[in-house]
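S.K.: Just one file: final_12.cif, with mmCIF, C-alpha atoms.
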```cif
data_final
loop_
_atom_site.label_atom_id
_atom_site.label_comp_id
_atom_site.auth_asym_id
_atom_site.auth_seq_id
_atom_site.Cartn_x
_atom_site.Cartn_y
_atom_site.Cartn_z
CA MET Y 1 57.86 -22.49 -6.70
CA PRO Y 2 59.97 -19.94 -4.81
CA SER Y 3 58.28 -18.10 -1.95
CA PHE Y 4 59.04 -14.87 -3.81
CA PHE Y 5 56.32 -15.68 -6.37
CA PHE Y 6 53.89 -16.61 -3.63
CA CYS Y 7 54.48 -13.17 -2.12
CA LEU Y 8 53.85 -11.51 -5.46
CA GLY Y 9 50.63 -13.45 -5.89
CA ALA Y 10 49.49 -12.65 -2.38
CA CYS Y 11 50.22 -8.95 -2.86
CA ALA Y 12 48.28 -8.88 -6.13
CA LEU Y 13 45.30 -10.64 -4.55
CA THR Y 14 45.44 -8.33 -1.55
CA ASN Y 15 45.37 -5.28 -3.78
CA GLU Y 16 42.50 -6.67 -5.83
CA LEU Y 17 40.43 -7.53 -2.77
CA THR Y 18 41.16 -4.15 -1.19
CA SER Y 19 39.88 -2.46 -4.32
CA GLU Y 20 36.77 -4.65 -4.29
CA VAL Y 21 36.10 -3.85 -0.63
CA ASP Y 22 36.45 -0.13 -1.38
CA MET Y 23 34.05 -0.51 -4.30
CA TYR Y 24 31.45 -2.39 -2.23
CA ARG Y 25 31.67 0.06 0.65
CA GLY Y 26 31.25 2.89 -1.83
CA GLN Y 27 27.89 1.41 -2.81
CA ALA Y 28 26.63 1.19 0.78
CA PHE Y 29 24.99 4.63 0.62
CA THR Y 30 23.11 6.51 -2.06
CA ALA Y 31 24.54 9.62 -3.72
CA ASN Y 32 22.20 11.86 -1.73
CA THR Y 33 23.19 10.21 1.56
CA LYS Y 34 26.88 10.64 0.75
CA LYS Y 35 26.29 14.31 -0.05
CA THR Y 36 24.49 14.77 3.26
CA TYR Y 37 27.25 13.05 5.23
CA GLN Y 38 29.88 15.24 3.55
CA THR Y 39 27.99 18.35 4.65
CA HIS Y 40 27.76 17.04 8.22
CA LEU Y 41 31.45 16.07 8.18
CA ARG Y 42 32.57 19.53 7.07
CA SER Y 43 30.53 21.10 9.85
CA TYR Y 44 31.97 18.79 12.51
CA ILE Y 45 35.58 19.16 11.35
CA SER Y 46 35.16 22.96 11.32
CA PHE Y 47 33.91 22.85 14.92
CA CYS Y 48 36.81 20.64 16.02
CA GLU Y 49 39.31 23.02 14.41
CA LYS Y 50 37.77 26.01 16.17
CA MET Y 51 37.82 24.15 19.49
CA ARG Y 52 41.32 22.75 18.80
CA ILE Y 53 40.25 19.20 19.63
CA ALA Y 54 40.59 15.89 17.78
CA PRO Y 55 37.47 14.62 15.95
CA ALA Y 56 37.93 11.19 17.56
CA PRO Y 57 37.91 10.13 20.28
CA ILE Y 58 35.89 12.97 21.74
CA LEU Y 59 34.62 13.67 25.26
CA GLN Y 60 30.90 13.86 25.98
CA ILE Y 61 31.26 17.44 27.22
CA ASN Y 62 32.60 18.43 23.79
CA ILE Y 63 29.76 16.59 22.04
CA ALA Y 64 27.29 18.58 24.14
CA LYS Y 65 29.13 21.75 23.17
CA TYR Y 66 28.81 20.75 19.51
CA ALA Y 67 25.07 20.32 19.98
CA ALA Y 68 24.85 23.81 21.47
CA TYR Y 69 27.01 25.13 18.64
CA LEU Y 70 24.68 23.63 16.03
CA SER Y 71 21.54 24.87 17.79
CA ARG Y 72 22.61 28.46 17.13
CA LYS Y 73 21.59 28.09 13.49
CA LEU Y 74 19.76 24.77 13.14
CA LYS Y 75 16.46 23.34 14.32
CA PRO Y 76 16.61 20.62 16.99
CA SER Y 77 15.74 17.92 14.45
CA SER Y 78 18.65 19.04 12.25
CA VAL Y 79 20.98 19.16 15.24
CA LYS Y 80 20.41 15.44 15.86
CA GLN Y 81 20.95 14.65 12.18
CA TYR Y 82 24.24 16.57 12.09
CA MET Y 83 25.48 14.85 15.26
CA ASN Y 84 25.13 11.42 13.67
CA ILE Y 85 28.44 11.99 11.90
CA ILE Y 86 30.19 11.66 15.28
CA ARG Y 87 28.92 8.09 15.58
CA ILE Y 88 30.02 7.29 12.03
CA ILE Y 89 33.54 8.69 12.49
CA HIS Y 90 34.08 6.69 15.67
CA LEU Y 91 32.82 3.48 14.06
CA GLU Y 92 35.18 4.04 11.13
CA CYS Y 93 38.02 4.34 13.63
CA ASN Y 94 36.89 1.17 15.47
CA LEU Y 95 36.05 3.27 18.51
CA PRO Y 96 32.92 2.96 20.67
CA ASN Y 97 30.09 5.36 19.91
CA PRO Y 98 30.48 8.18 22.48
CA CYS Y 99 26.84 9.21 21.99
CA ASP Y 100 25.47 5.77 22.84
CA ASP Y 101 23.07 5.94 25.79
CA SER Y 102 24.68 9.10 27.15
CA TRP Y 103 22.48 10.81 29.76
CA TYR Y 104 24.60 13.97 29.52
CA ILE Y 105 24.03 14.30 25.77
CA LYS Y 106 20.36 13.25 25.94
CA THR Y 107 19.54 15.94 28.49
CA THR Y 108 21.41 18.53 26.42
CA ILE Y 109 19.35 17.67 23.35
CA LYS Y 110 16.14 17.62 25.39
CA GLY Y 111 16.93 21.09 26.72
CA ILE Y 112 17.60 22.39 23.21
CA GLU Y 113 14.23 21.02 22.06
CA LYS Y 114 12.41 22.71 24.94
CA VAL Y 115 14.11 26.05 24.42
CA LYS Y 116 14.11 26.09 20.62
CA GLY Y 117 10.88 24.16 20.05
CA THR Y 118 10.37 21.00 18.05
CA ASP Y 119 7.86 22.17 15.45
CA VAL Y 120 8.44 20.34 12.19
CA GLN Y 121 6.78 21.92 9.18
CA SER Y 122 5.71 18.86 7.24
CA LYS Y 123 4.38 19.30 3.75
CA PRO Y 124 0.58 18.93 3.69
CA PRO Y 125 -0.95 15.89 2.02
CA VAL Y 126 -2.43 16.09 -1.46
CA THR Y 127 -6.18 15.54 -1.42
CA PRO Y 128 -8.56 14.50 -4.21
CA GLU Y 129 -9.72 18.14 -4.31
CA ILE Y 130 -6.14 19.33 -4.90
CA LEU Y 131 -5.66 16.71 -7.60
CA LEU Y 132 -8.74 17.98 -9.40
CA LYS Y 133 -7.44 21.55 -9.19
CA LEU Y 134 -4.09 20.49 -10.63
CA LYS Y 135 -5.76 18.68 -13.50
CA LYS Y 136 -7.79 21.78 -14.41
CA GLN Y 137 -4.52 23.67 -14.86
CA LEU Y 138 -3.20 21.15 -17.38
CA LYS Y 139 -3.88 21.75 -21.08
CA PHE Y 140 -2.71 18.27 -22.23
CA SER Y 141 -1.19 19.91 -25.28
CA HIS Y 142 2.28 18.46 -24.65
CA ILE Y 143 3.69 15.07 -23.68
CA ASP Y 144 4.99 16.55 -20.42
CA ASP Y 145 1.41 17.19 -19.30
CA TYR Y 146 0.53 13.51 -19.72
CA VAL Y 147 3.70 12.38 -17.94
CA PHE Y 148 3.17 14.85 -15.10
CA TRP Y 149 -0.46 13.84 -14.55
CA ALA Y 150 0.27 10.10 -14.66
CA SER Y 151 3.11 10.66 -12.18
CA CYS Y 152 0.82 12.52 -9.76
CA LEU Y 153 -1.83 9.79 -9.72
CA THR Y 154 0.71 6.96 -9.60
CA MET Y 155 2.44 8.44 -6.55
CA PHE Y 156 -0.94 9.14 -4.90
CA PHE Y 157 -2.63 5.76 -5.45
CA GLY Y 158 0.61 3.77 -5.38
CA LEU Y 159 1.93 5.59 -2.28
CA LEU Y 160 5.24 5.92 -4.12
CA ARG Y 161 8.15 8.27 -3.59
CA LYS Y 162 9.46 10.60 -6.27
CA SER Y 163 12.69 8.57 -6.29
CA ASN Y 164 10.71 5.57 -7.60
CA LEU Y 165 9.88 7.53 -10.75
CA PHE Y 166 12.69 10.04 -11.29
CA GLY Y 167 16.43 10.02 -10.81
CA THR Y 168 18.42 12.75 -9.12
CA ASP Y 169 19.80 15.74 -11.01
CA ALA Y 170 23.32 14.59 -10.13
CA GLY Y 171 22.96 10.90 -10.92
CA GLY Y 172 20.25 11.06 -13.56
CA PHE Y 173 17.86 8.24 -14.42
CA ASP Y 174 19.02 4.76 -13.38
CA ASN Y 175 17.13 1.87 -14.99
CA LYS Y 176 18.23 -0.36 -12.11
CA LYS Y 177 16.44 1.86 -9.60
CA GLN Y 178 13.70 3.95 -11.19
CA LEU Y 179 10.69 2.42 -12.92
CA THR Y 180 11.17 1.37 -16.54
CA ARG Y 181 8.65 0.48 -19.23
CA ASN Y 182 9.00 -3.23 -18.57
CA CYS Y 183 8.00 -2.59 -14.92
CA VAL Y 184 4.53 -1.55 -16.14
CA SER Y 185 1.99 -3.96 -17.62
CA VAL Y 186 -1.59 -3.41 -18.81
CA SER Y 187 -4.16 -6.18 -18.37
CA GLY Y 188 -7.89 -6.90 -18.29
CA GLY Y 189 -8.69 -4.89 -21.38
CA CYS Y 190 -7.01 -1.78 -19.92
CA SER Y 191 -8.95 -2.20 -16.68
CA GLN Y 192 -5.81 -2.68 -14.58
CA ILE Y 193 -2.19 -1.59 -14.64
CA THR Y 194 0.38 -3.44 -12.57
CA ILE Y 195 3.60 -1.74 -11.51
CA LYS Y 196 6.52 -3.83 -10.26
CA VAL Y 197 8.77 -1.89 -7.88
CA GLY Y 198 12.09 -3.62 -7.29
CA TRP Y 199 14.01 -0.76 -5.68
CA SER Y 200 13.13 1.87 -3.13
CA LYS Y 201 14.49 3.72 -0.13
CA ASN Y 202 13.59 0.71 2.02
CA ASN Y 203 14.65 -1.90 -0.54
CA GLN Y 204 18.00 -0.79 -1.91
CA THR Y 205 19.34 -4.33 -2.24
CA LYS Y 206 16.40 -5.37 -4.47
CA GLY Y 207 15.61 -8.25 -2.17
CA ARG Y 208 11.90 -8.22 -3.03
CA ILE Y 209 9.43 -7.04 -5.62
CA GLN Y 210 6.43 -4.94 -4.66
CA GLU Y 211 3.54 -5.35 -7.09
CA ILE Y 212 1.14 -2.41 -7.18
CA ALA Y 213 -2.18 -2.96 -8.96
CA LEU Y 214 -4.04 0.18 -10.06
CA HIS Y 215 -7.65 -0.33 -11.14
CA ARG Y 216 -9.71 1.71 -13.55
CA LEU Y 217 -12.14 4.16 -12.01
CA ALA Y 218 -14.79 4.31 -14.72
CA ASN Y 219 -15.66 7.84 -15.87
CA HIS Y 220 -13.73 9.41 -12.98
CA PRO Y 221 -11.33 12.31 -13.66
CA LEU Y 222 -8.85 10.87 -11.15
CA CYS Y 223 -8.59 7.44 -12.76
CA PRO Y 224 -4.92 6.37 -12.49
CA VAL Y 225 -5.26 3.68 -15.17
CA SER Y 226 -6.58 6.14 -17.77
CA ALA Y 227 -3.80 8.61 -16.96
CA MET Y 228 -1.13 5.94 -17.19
CA TYR Y 229 -2.51 4.43 -20.38
CA ASP Y 230 -2.68 7.85 -22.08
CA MET Y 231 0.92 8.55 -21.06
CA LEU Y 232 2.14 5.19 -22.37
CA CYS Y 233 0.44 5.84 -25.71
CA MET Y 234 1.80 9.38 -25.96
CA THR Y 235 5.38 8.28 -25.21
CA ALA Y 236 5.38 5.19 -27.47
CA PRO Y 237 7.40 3.64 -28.98
CA ALA Y 238 9.95 3.12 -26.21
CA MET Y 239 12.58 0.59 -25.25
CA PRO Y 240 11.71 -1.84 -22.40
CA ASP Y 241 14.49 -0.48 -20.18
CA SER Y 242 13.68 3.18 -20.88
CA GLN Y 243 12.21 5.45 -18.23
CA ALA Y 244 8.54 4.69 -17.57
CA PHE Y 245 7.87 8.32 -16.64
CA PRO Y 246 10.14 10.24 -19.07
CA MET Y 247 10.68 13.39 -17.04
CA THR Y 248 13.39 14.66 -14.69
CA GLY Y 249 12.68 15.20 -11.03
CA SER Y 250 13.58 18.89 -11.29
CA LEU Y 251 11.16 19.38 -14.20
CA PHE Y 252 8.39 17.64 -12.22
CA ASN Y 253 9.04 19.91 -9.23
CA LYS Y 254 9.10 23.02 -11.43
CA LYS Y 255 5.79 22.08 -13.04
CA LEU Y 256 4.26 21.24 -9.66
CA ARG Y 257 5.30 24.60 -8.18
CA SER Y 258 3.81 26.45 -11.12
CA LEU Y 259 0.51 24.59 -11.17
CA SER Y 260 0.04 24.47 -7.40
CA ALA Y 261 0.68 28.21 -7.11
CA ALA Y 262 -1.92 28.87 -9.79
CA CYS Y 263 -4.57 26.92 -7.86
CA GLY Y 264 -3.73 28.28 -4.43
CA CYS Y 265 -2.06 25.21 -2.89
CA ASN Y 266 1.61 26.12 -3.27
CA THR Y 267 2.67 24.49 0.03
CA ILE Y 268 2.62 20.97 -1.41
CA SER Y 269 5.67 19.11 -2.70
CA SER Y 270 6.36 15.85 -4.49
CA HIS Y 271 6.25 13.98 -1.16
CA SER Y 272 2.73 15.32 -0.60
CA PHE Y 273 1.41 12.70 -3.05
CA ARG Y 274 2.71 9.74 -1.04
CA ARG Y 275 1.61 11.42 2.17
CA GLY Y 276 -1.75 12.25 0.60
CA GLY Y 277 -2.30 8.70 -0.59
CA ALA Y 278 -1.63 7.32 2.88
CA THR Y 279 -3.83 9.95 4.52
CA TRP Y 280 -6.69 9.28 2.09
CA ALA Y 281 -6.36 5.53 2.65
CA LEU Y 282 -6.53 5.96 6.41
CA SER Y 283 -9.43 8.38 6.04
CA SER Y 284 -11.23 5.79 3.91
CA GLY Y 285 -11.18 3.36 6.81
CA ILE Y 286 -8.37 1.14 5.53
CA PRO Y 287 -6.60 -0.45 8.54
CA GLY Y 288 -3.27 1.08 9.44
CA GLU Y 289 -1.34 -2.16 8.97
CA ILE Y 290 -2.70 -2.46 5.43
CA VAL Y 291 -1.69 1.15 4.69
CA LYS Y 292 1.76 0.33 6.06
CA ALA Y 293 2.04 -2.56 3.60
CA MET Y 294 0.67 -0.45 0.72
CA GLY Y 295 3.34 2.17 1.30
CA ASP Y 296 6.05 -0.43 1.96
CA TRP Y 297 6.96 1.18 5.28
CA GLN Y 298 9.39 -0.75 7.45
CA SER Y 299 8.70 1.37 10.52
CA THR Y 300 5.66 2.98 12.14
CA CYS Y 301 6.35 6.41 10.63
CA TYR Y 302 3.12 6.10 8.64
CA LEU Y 303 1.36 6.79 11.95
CA LEU Y 304 2.50 10.41 11.59
CA TYR Y 305 -0.28 10.77 9.04
CA LEU Y 306 -2.99 9.88 11.54
CA ASP Y 307 -3.38 13.51 12.57
CA GLN Y 308 -4.47 14.25 9.00
CA ILE Y 309 -7.60 12.07 9.24
CA PRO Y 310 -10.73 14.27 9.17
CA GLN Y 311 -12.62 14.53 12.45
CA TYR Y 312 -15.84 13.22 10.92
CA VAL Y 313 -14.08 9.97 10.02
CA ILE Y 314 -12.70 9.61 13.54
CA ASN Y 315 -16.17 10.25 15.00
CA HIS Y 316 -17.70 7.69 12.64
CA TYR Y 317 -15.45 4.96 14.00
CA ARG Y 318 -15.94 6.21 17.53
CA ASN Y 319 -19.68 5.67 17.06
CA LYS Y 320 -18.95 2.21 15.69
CA MET Y 321 -17.55 1.33 19.12
CA GLY Y 322 -21.02 1.76 20.59
CA GLU Y 323 -22.80 0.04 17.74
CA CYS Y 324 -20.64 -3.05 18.15
CA LEU Y 325 -21.43 -3.51 21.84
CA PRO Y 326 -23.19 -6.81 22.63
CA PRO Y 327 -26.88 -6.68 23.60
CA THR Y 328 -27.69 -6.66 27.30
CA SER Y 329 -30.78 -7.16 29.41
CA LEU Y 330 -29.76 -4.63 32.05
#
```
Just give me the structure of the file as structure tokens.

M.R.:
Amino acid sequence: MPSFFFCLGACALTNELTSEVDMYRGQAFTANTKKTYQTHLRSYISFCEKMRIAPAPILQINIAKYAAYLSRKLKPSSVKQYMNIIRIIHLECNLPNPCDDSWYIKTTIKGIEKVKGTDVQSKPPVTPEILLKLKKQLKFSHIDDYVFWASCLTMFFGLLRKSNLFGTDAGGFDNKKQLTRNCVSVSGGCSQITIKVGWSKNNQTKGRIQEIALHRLANHPLCPVSAMYDMLCMTAPAMPDSQAFPMTGSLFNKKLRSLSAACGCNTISSHSFRRGGATWALSSGIPGEIVKAMGDWQSTCYLLYLDQIPQYVINHYRNKMGECLPPTSL
């Protein structure tokens, strides 16, 4: 066969593989991450245009100037997030990361933190008392009330993120990511509900399945199994691949803002349920490593919740140190 046809075949294969590579790389980040990076990119390009410098490669002195430029309007934590786009641009251009282990840039950031402060206003954790207050506000006269309440308890006891239950407003519900009906099973005469989580922020490649077992709390108003079972009955019949919690994330947030304001705890957000579940678990004396596994954390960020443990719990375990001492004859 003439080499001409080999060239045509090679060109076609090259084009196909190039398209496939572009497609795979396009799936490397979530829609929200892409949106965030685009915001950071616009900011950085705008700075470079004002300074009349090239985005890459860039000198460390200009990176420090960008940090100072950002600090005029952003908090120190946001400054560091925005600067990450510099690393990404250089990697895309096959250039070394100019921010890597740079003493000049590190001291600039440290100075910004000292001058501007590093206070991060984290959303407070939901407590059992807050959950009870929220429930009192619900009339359970509409399906949304059942879905909302089951969502609250599932995120609290399951230590789940909102993204496990609801899709984004831009992307909508995705049955390959968010929980579907066939991810939820009832067993033991409605004494237990098992939730299989195959996708999360820390498991975007679906390499493992996290099985969360929720047990019935007999005659307790915060029983997650009762709430889930009621919701499943109210939303039946439903297809196996339909949304397990049929509600949008924006509607959940709107309902949460309304109810929390009515009961005087309007500083909480959807993430407060995951944070609250972890805090309550730690406060209940559950070892930190177990809480880490319950929340499927890959890092030690769950330790940030340790400052939420009540003082009386800390003192209880401090006293246990003395009680566990071996006997002595001295």

S.K.: When the PyMOL selection byres ((chain Y and resi 309-319) around 10) is applied to the file above, which residues end up in the set, as number ranges by chain?

M.R.: Y: 278-285, 305-308, 320-324

S.K.: For the file shown, what are the residues hit by the PyMOL selection byres ((chain Y and resi 199) around 10), laid out as a PyMOL selection string?

M.R.: chain Y and resi 163-164+176-179+196-198+200-210

S.K.: Please write the residues from the selection above to a file, keeping C-alpha atoms, as an mmCIF file, in the frame of the given file.

M.R.:
```cif
data_model
loop_
_atom_site.group_PDB
_atom_site.id
_atom_site.type_symbol
_atom_site.label_atom_id
_atom_site.label_comp_id
_atom_site.auth_asym_id
_atom_site.auth_seq_id
_atom_site.Cartn_x
_atom_site.Cartn_y
_atom_site.Cartn_z
ATOM 1 C CA SER Y 163 12.690 8.570 -6.290
ATOM 2 C CA ASN Y 164 10.710 5.570 -7.600
ATOM 3 C CA LYS Y 176 18.230 -0.360 -12.110
ATOM 4 C CA LYS Y 177 16.440 1.860 -9.600
ATOM 5 C CA GLN Y 178 13.700 3.950 -11.190
ATOM 6 C CA LEU Y 179 10.690 2.420 -12.920
ATOM 7 C CA LYS Y 196 6.520 -3.830 -10.260
ATOM 8 C CA VAL Y 197 8.770 -1.890 -7.880
ATOM 9 C CA GLY Y 198 12.090 -3.620 -7.290
ATOM 10 C CA SER Y 200 13.130 1.870 -3.130
ATOM 11 C CA LYS Y 201 14.490 3.720 -0.130
ATOM 12 C CA ASN Y 202 13.590 0.710 2.020
ATOM 13 C CA ASN Y 203 14.650 -1.900 -0.540
ATOM 14 C CA GLN Y 204 18.000 -0.790 -1.910
ATOM 15 C CA THR Y 205 19.340 -4.330 -2.240
ATOM 16 C CA LYS Y 206 16.400 -5.370 -4.470
ATOM 17 C CA GLY Y 207 15.610 -8.250 -2.170
ATOM 18 C CA ARG Y 208 11.900 -8.220 -3.030
ATOM 19 C CA ILE Y 209 9.430 -7.040 -5.620
ATOM 20 C CA GLN Y 210 6.430 -4.940 -4.660
#
```

S.K.: Rounded to one decimal, what separation in Å do you get between CA of Leu138 in chain Y and CA of Lys123 in chain Y?

M.R.: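 Separation between CA of Leu138 in chain Y and CA of Lys123 in chain Y: 22.5 Å.
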
S.K.: Taking the file as I've supplied it (selection: the PyMOL selection byres ((chain Y and resi 157) around 9)), which residues are included? Please answer as a PDB file with C-alpha atoms, in the frame of the given file.

M.R.:
```
ATOM      1  CA  CYS Y 152       0.820  12.520  -9.760  1.00  0.00           C
ATOM      2  CA  LEU Y 153      -1.830   9.790  -9.720  1.00  0.00           C
ATOM      3  CA  THR Y 154       0.710   6.960  -9.600  1.00  0.00           C
ATOM      4  CA  MET Y 155       2.440   8.440  -6.550  1.00  0.00           C
ATOM      5  CA  PHE Y 156      -0.940   9.140  -4.900  1.00  0.00           C
ATOM      6  CA  GLY Y 158       0.610   3.770  -5.380  1.00  0.00           C
ATOM      7  CA  LEU Y 159       1.930   5.590  -2.280  1.00  0.00           C
ATOM      8  CA  LEU Y 160       5.240   5.920  -4.120  1.00  0.00           C
ATOM      9  CA  LEU Y 214      -4.040   0.180 -10.060  1.00  0.00           C
ATOM     10  CA  PRO Y 224      -4.920   6.370 -12.490  1.00  0.00           C
ATOM     11  CA  PHE Y 273       1.410  12.700  -3.050  1.00  0.00           C
ATOM     12  CA  ARG Y 274       2.710   9.740  -1.040  1.00  0.00           C
ATOM     13  CA  GLY Y 276      -1.750  12.250   0.600  1.00  0.00           C
ATOM     14  CA  GLY Y 277      -2.300   8.700  -0.590  1.00  0.00           C
ATOM     15  CA  ALA Y 278      -1.630   7.320   2.880  1.00  0.00           C
ATOM     16  CA  ALA Y 281      -6.360   5.530   2.650  1.00  0.00           C
TER      17      ALA Y 281
END
```

S.K.: Between CA of Glu211 in chain Y and CA of Ser191 in chain Y, measure the distance and give it in Å to one decimal.

M.R.: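 According to the coordinates, CA of Glu211 in chain Y and CA of Ser191 in chain Y are separated by 16.1 Å.
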